[in-house]
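This is my_file.cif (mmCIF, C-alpha atoms and all ligand atoms; chains and numbers go by the auth columns).
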data_data
#
loop_
_atom_site.group_PDB
_atom_site.id
_atom_site.type_symbol
_atom_site.label_atom_id
_atom_site.label_comp_id
_atom_site.label_asym_id
_atom_site.label_seq_id
_atom_site.Cartn_x
_atom_site.Cartn_y
_atom_site.Cartn_z
_atom_site.B_iso_or_equiv
_atom_site.auth_seq_id
_atom_site.auth_asym_id
ATOM 1 C CA MET A 1 1.380 -36.882 16.124 0.00 182 Y
ATOM 2 C CA HIS A 2 0.972 -40.613 16.590 0.00 183 Y
ATOM 3 C CA ARG A 3 0.780 -43.135 13.806 0.00 184 Y
ATOM 4 C CA CYS A 4 -1.077 -46.424 13.661 0.00 185 Y
ATOM 5 C CA ASP A 5 1.375 -49.212 12.898 0.00 186 Y
ATOM 6 C CA ASN A 6 -1.429 -51.268 11.468 0.00 187 Y
ATOM 7 C CA CYS A 7 -2.943 -48.951 8.835 0.00 188 Y
ATOM 8 C CA GLY A 8 -0.880 -45.748 8.833 0.00 189 Y
ATOM 9 C CA TYR A 9 -3.598 -43.527 10.277 0.00 190 Y
ATOM 10 C CA LEU A 10 -2.170 -40.397 11.916 0.00 191 Y
ATOM 11 C CA TYR A 11 -3.715 -39.022 15.068 0.00 192 Y
ATOM 12 C CA ASN A 12 -3.528 -35.224 14.956 0.00 193 Y
ATOM 13 C CA PRO A 13 -4.143 -33.646 18.381 0.00 194 Y
ATOM 14 C CA ASP A 14 -5.107 -30.374 16.688 0.00 195 Y
ATOM 15 C CA LEU A 15 -8.053 -32.129 15.059 0.00 196 Y
ATOM 16 C CA GLY A 16 -8.996 -34.720 17.666 0.00 197 Y
ATOM 17 C CA ASP A 17 -11.305 -37.456 16.454 0.00 198 Y
ATOM 18 C CA SER A 18 -14.881 -36.407 15.869 0.00 199 Y
ATOM 19 C CA SER A 19 -15.937 -40.014 15.169 0.00 200 Y
ATOM 20 C CA GLN A 20 -15.226 -40.861 18.826 0.00 201 Y
ATOM 21 C CA SER A 21 -16.168 -37.530 20.405 0.00 202 Y
ATOM 22 C CA ILE A 22 -12.536 -36.491 20.924 0.00 203 Y
ATOM 23 C CA ALA A 23 -12.332 -32.705 21.032 0.00 204 Y
ATOM 24 C CA PRO A 24 -9.730 -30.818 18.986 0.00 205 Y
ATOM 25 C CA GLY A 25 -6.666 -30.126 21.121 0.00 206 Y
ATOM 26 C CA THR A 26 -6.754 -33.495 22.910 0.00 207 Y
ATOM 27 C CA LEU A 27 -3.243 -34.896 23.254 0.00 208 Y
ATOM 28 C CA PHE A 28 -2.695 -38.540 22.395 0.00 209 Y
ATOM 29 C CA GLU A 29 -1.626 -39.119 25.994 0.00 210 Y
ATOM 30 C CA ASP A 30 -4.985 -37.759 27.158 0.00 211 Y
ATOM 31 C CA LEU A 31 -7.146 -39.995 24.992 0.00 212 Y
ATOM 32 C CA PRO A 32 -9.399 -42.431 26.874 0.00 213 Y
ATOM 33 C CA LYS A 33 -7.988 -45.951 27.188 0.00 214 Y
ATOM 34 C CA SER A 34 -10.941 -47.180 25.187 0.00 215 Y
ATOM 35 C CA TRP A 35 -9.946 -45.097 22.179 0.00 216 Y
ATOM 36 C CA LYS A 36 -9.193 -47.079 19.035 0.00 217 Y
ATOM 37 C CA CYS A 37 -7.864 -46.282 15.611 0.00 218 Y
ATOM 38 C CA PRO A 38 -10.890 -44.865 13.738 0.00 219 Y
ATOM 39 C CA ARG A 39 -9.723 -46.467 10.530 0.00 220 Y
ATOM 40 C CA CYS A 40 -8.825 -50.041 11.472 0.00 221 Y
ATOM 41 C CA GLY A 41 -9.899 -50.406 15.123 0.00 222 Y
ATOM 42 C CA ALA A 42 -6.405 -51.116 16.476 0.00 223 Y
ATOM 43 C CA SER A 43 -5.847 -50.278 20.134 0.00 224 Y
ATOM 44 C CA MET A 44 -3.671 -47.373 21.296 0.00 225 Y
ATOM 45 C CA LYS A 45 -0.808 -49.816 21.847 0.00 226 Y
ATOM 46 C CA SER A 46 -0.503 -50.080 18.082 0.00 227 Y
ATOM 47 C CA PHE A 47 0.383 -46.391 17.835 0.00 228 Y
ATOM 48 C CA GLN A 48 3.923 -45.041 17.695 0.00 229 Y
ATOM 49 C CA LYS A 49 5.146 -41.492 17.998 0.00 230 Y
ATOM 50 C CA TYR A 50 5.509 -39.887 14.613 0.00 231 Y
ATOM 51 C CA ASN A 51 7.635 -36.849 13.850 0.00 232 Y
ATOM 52 C CA CYS A 52 6.429 -34.978 10.780 0.00 233 Y
ATOM 53 C CA GLU A 53 9.564 -32.830 10.577 0.00 234 Y
ATOM 54 C CA THR A 54 11.843 -35.816 10.100 0.00 235 Y
ATOM 55 C CA SER A 55 9.443 -37.955 8.117 0.00 236 Y
ATOM 56 C CA SER A 56 10.197 -38.725 4.493 0.00 237 Y
ATOM 57 C CA ASN A 57 6.466 -38.754 3.864 0.00 238 Y
ATOM 58 C CA LYS A 58 5.419 -35.239 4.841 0.00 239 Y
ATOM 59 C CA LYS A 59 2.199 -35.510 2.879 0.00 240 Y
ATOM 60 C CA ALA A 60 0.916 -37.897 5.523 0.00 241 Y
ATOM 61 C CA CYS A 61 0.952 -35.015 7.982 0.00 242 Y
ATOM 62 C CA LEU A 62 -1.131 -32.555 5.958 0.00 243 Y
HETATM 63 ZN ZN ZN B . -5.194 -48.104 12.259 0.00 301 V
#

Would you mind writing the structure in this file as structure tokens?
Amino acid sequence: MHRCDNCGYLYNPDLGDSSQSIAPGTLFEDLPKSWKCPRCGASMKSFQKYNCETSSNKKACL
């Protein structure tokens, strides 16, 4: 999982991103460079790795 620092959007590789034609199963590392946060439009550089197991906000990962 990767999380947008700007808006909190979580990229889930199991789901992909249908709004930008990203197929389910696409790893964050394999996203096209042009990919942007579907919620706020931030670039991939705004995303940080996010570990659901250690997060205090597990609901964000559901
Ligand atoms: Zn965002």

Checklist entry - In terms of the shortest atom-to-atom distance over only C-alpha atoms and all ligand atoms, which of Y:Pro205, Y:Gly189, Y:Gly197, Y:Pro213 is closest to ligand ZN 301 (chain V)? => result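 Going through Y:Pro205, Y:Gly189, Y:Gly197, Y:Pro213 one by one, the smallest distance to ligand ZN 301 (chain V) is for Y:Gly189.
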
Item to check | Contacts of Lys214 (chain Y) at 10 Å (only C-alpha atoms; same-chain gap of 5+ positions) as a PyMOL selection string | outcome: chain Y and resi 224-226

Checklist entry - Which distance in Å separates CA of Asn232 (chain Y) and CA of Ser199 (chain Y), to one decimal? => result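 CA of Asn232 (chain Y) sits 22.6 Å away from CA of Ser199 (chain Y).
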
Show me, as AutoDock Vina command-line options, the centre and edge lengths in Å to one decimal of the axis-aligned box that covers every listed atom of region 219-229 of chain Y with 5 Å on each side.
--center_x -3.5 --center_y -48.0 --center_z 16.2 --size_x 24.8 --size_y 16.3 --size_z 21.3

Item to check | Surrounding residues as a ChimeraX atom specification, ligand ZN 301 (chain V), max 12 Å, only C-alpha atoms and all ligand atoms | outcome: /Y:183-192,216-229

Item to check | For CA of Ser202 (chain Y) and CA of Cys233 (chain Y), the interatomic separation in Å (one decimal) | outcome: 24.7 Å

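On the file presented, the PyMOL selection byres (((chain Y and resi 209) around 8) and not hetatm) picks out Met182, His183, Tyr192, Pro194, Thr207, Leu208, Glu210, Asp211 and Leu212 of chain Y.
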